[in-house]
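Participant: Questions regarding the structure given below will be posed in turn.
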Amino acid sequence: MKQTIARVAIVVPDYDDGIAFYCGKLGFDLIEDTELGDGKRWVLARPRGAAETALLLAKAEGERQRAAIGNQTGGRVGFFLFTDDFARDHAAMLAAGVEFREAPRQEAYGSVAVFTDPFGNLWDLLQPAS
């Protein structure tokens with residue numbers, strides 16, 4: 001059983017768009033998708049085979065909320081997507097058409113490459129050094 005060491009809340013303009021990108025394009029497993037009423041859903045997705053990371057999708061409810069989140073990170077929201085096999089997951093993401101802003105590189109803390117999702121979130125695909 002995999003251990004979840006991070007659960008990241010992702011703000012998306014629309015739940016279905018978020019599911020289409022993370023579960024469709026990136027191939028995450030959809031763990032939960034529950035209607036809560038009032039236009040709210042609990043959507044939880046986890047990267048396949050790699051993940052100590054699970055994503056909770058939350059709908060952005062207005063410019064004020066999006067701006068508040070962006071202001072915490074200098075305009076972009078940054079996250080780590082942890083993997084146990086960097087080469088496999090980087091290749092799969094490239095094959096799915098994900099565009100990386102920074103090419104893969106080896107750092108003292110592990111293997112890393114940077115991509116942006118369609119919702120303005122900046123990600124480090126990271127396999128920590130063992």
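Letters for chains follow the order of the structure tokens (A, B, ...), residue numbers begin at 1 for each chain, and ligand numbers begin at 1 in the order shown.
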Which residues, written as a PyMOL selection string, have at least one atom at most 12 Å from Tyr22 of chain A, with only C-alpha atoms counted and residues fewer than 6 positions away on the same chain left out?
Facilitator: chain A and resi 10+12+15-16+28-31+43-48+54-57+81+93+96+98+117-119
Participant: Would you work out the distance separating atom CA of Leu125 of chain A from atom CA of Ser111 of chain A, expressed in Å to one decimal?
Facilitator: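 These atoms are spaced 8.0 Å apart.
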Participant: Would you please work out which residue, of A:Arg105, A:Lys59, A:Lys40, A:Arg88, is nearest to Asp17 of chain A when using only C-alpha atoms?
Facilitator: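 Closest candidate: A:Lys59.
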Participant: Choose the residue, out of A:Glu99, A:Val8, A:Phe80, A:Phe86, that has the smallest atom-to-atom separation from Trp123 of chain A; count only C-alpha atoms.
Facilitator: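 For Trp123 of chain A, the nearest of the given residues is A:Phe80.
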Participant: Taking only C-alpha atoms into account, name the residue in A:Ala58, A:Val112, A:Gln127, A:Arg101 that is nearest to Val11 of chain A.
Facilitator: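 Checking each candidate against Val11 of chain A, we get A:Ala58 as the closest.
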Participant: Can you work out which one of A:Phe79, A:Asp14, A:Thr116, A:Glu32 has the shortest atom-to-atom distance to Gly97 of chain A, counting only C-alpha atoms?
Facilitator: A:Thr116
Participant: Within segment 86-116 of chain A, find each residue whose DSSP state, derived from the backbone, is strand (DSSP E or B), and express the selection as a PyMOL selection string.
Facilitator: chain A and resi 100-107+110-116
Participant: Could you check which of A:Pro128, A:Lys25, A:Ala95, A:Asn121 is closest to Ala9 of chain A, using only C-alpha atoms?
Facilitator: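 Counting only C-alpha atoms, the residue closest to Ala9 of chain A is A:Asn121.
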Participant: So, counting only C-alpha atoms, which residue among A:Glu35, A:Glu102, A:Arg41, A:Leu126 is closest to Phe82 of chain A?
Facilitator: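 Of all the options, A:Leu126 lies closest to Phe82 of chain A.
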Participant: So the first atom is atom CA of Ser130 of chain A and the second is atom CA of Ala87 of chain A; what is the distance between them in Å, to one decimal place?
Facilitator: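 According to the coordinates, atom CA of Ser130 of chain A and atom CA of Ala87 of chain A are separated by 15.5 Å.
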Participant: For a test of reading the model, state the distance in Å between atom CA of Ala108 of chain A and atom CA of Gly27 of chain A, rounded to one decimal.
Facilitator: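 Atom-to-atom, atom CA of Ala108 of chain A and atom CA of Gly27 of chain A are spaced 28.5 Å apart.
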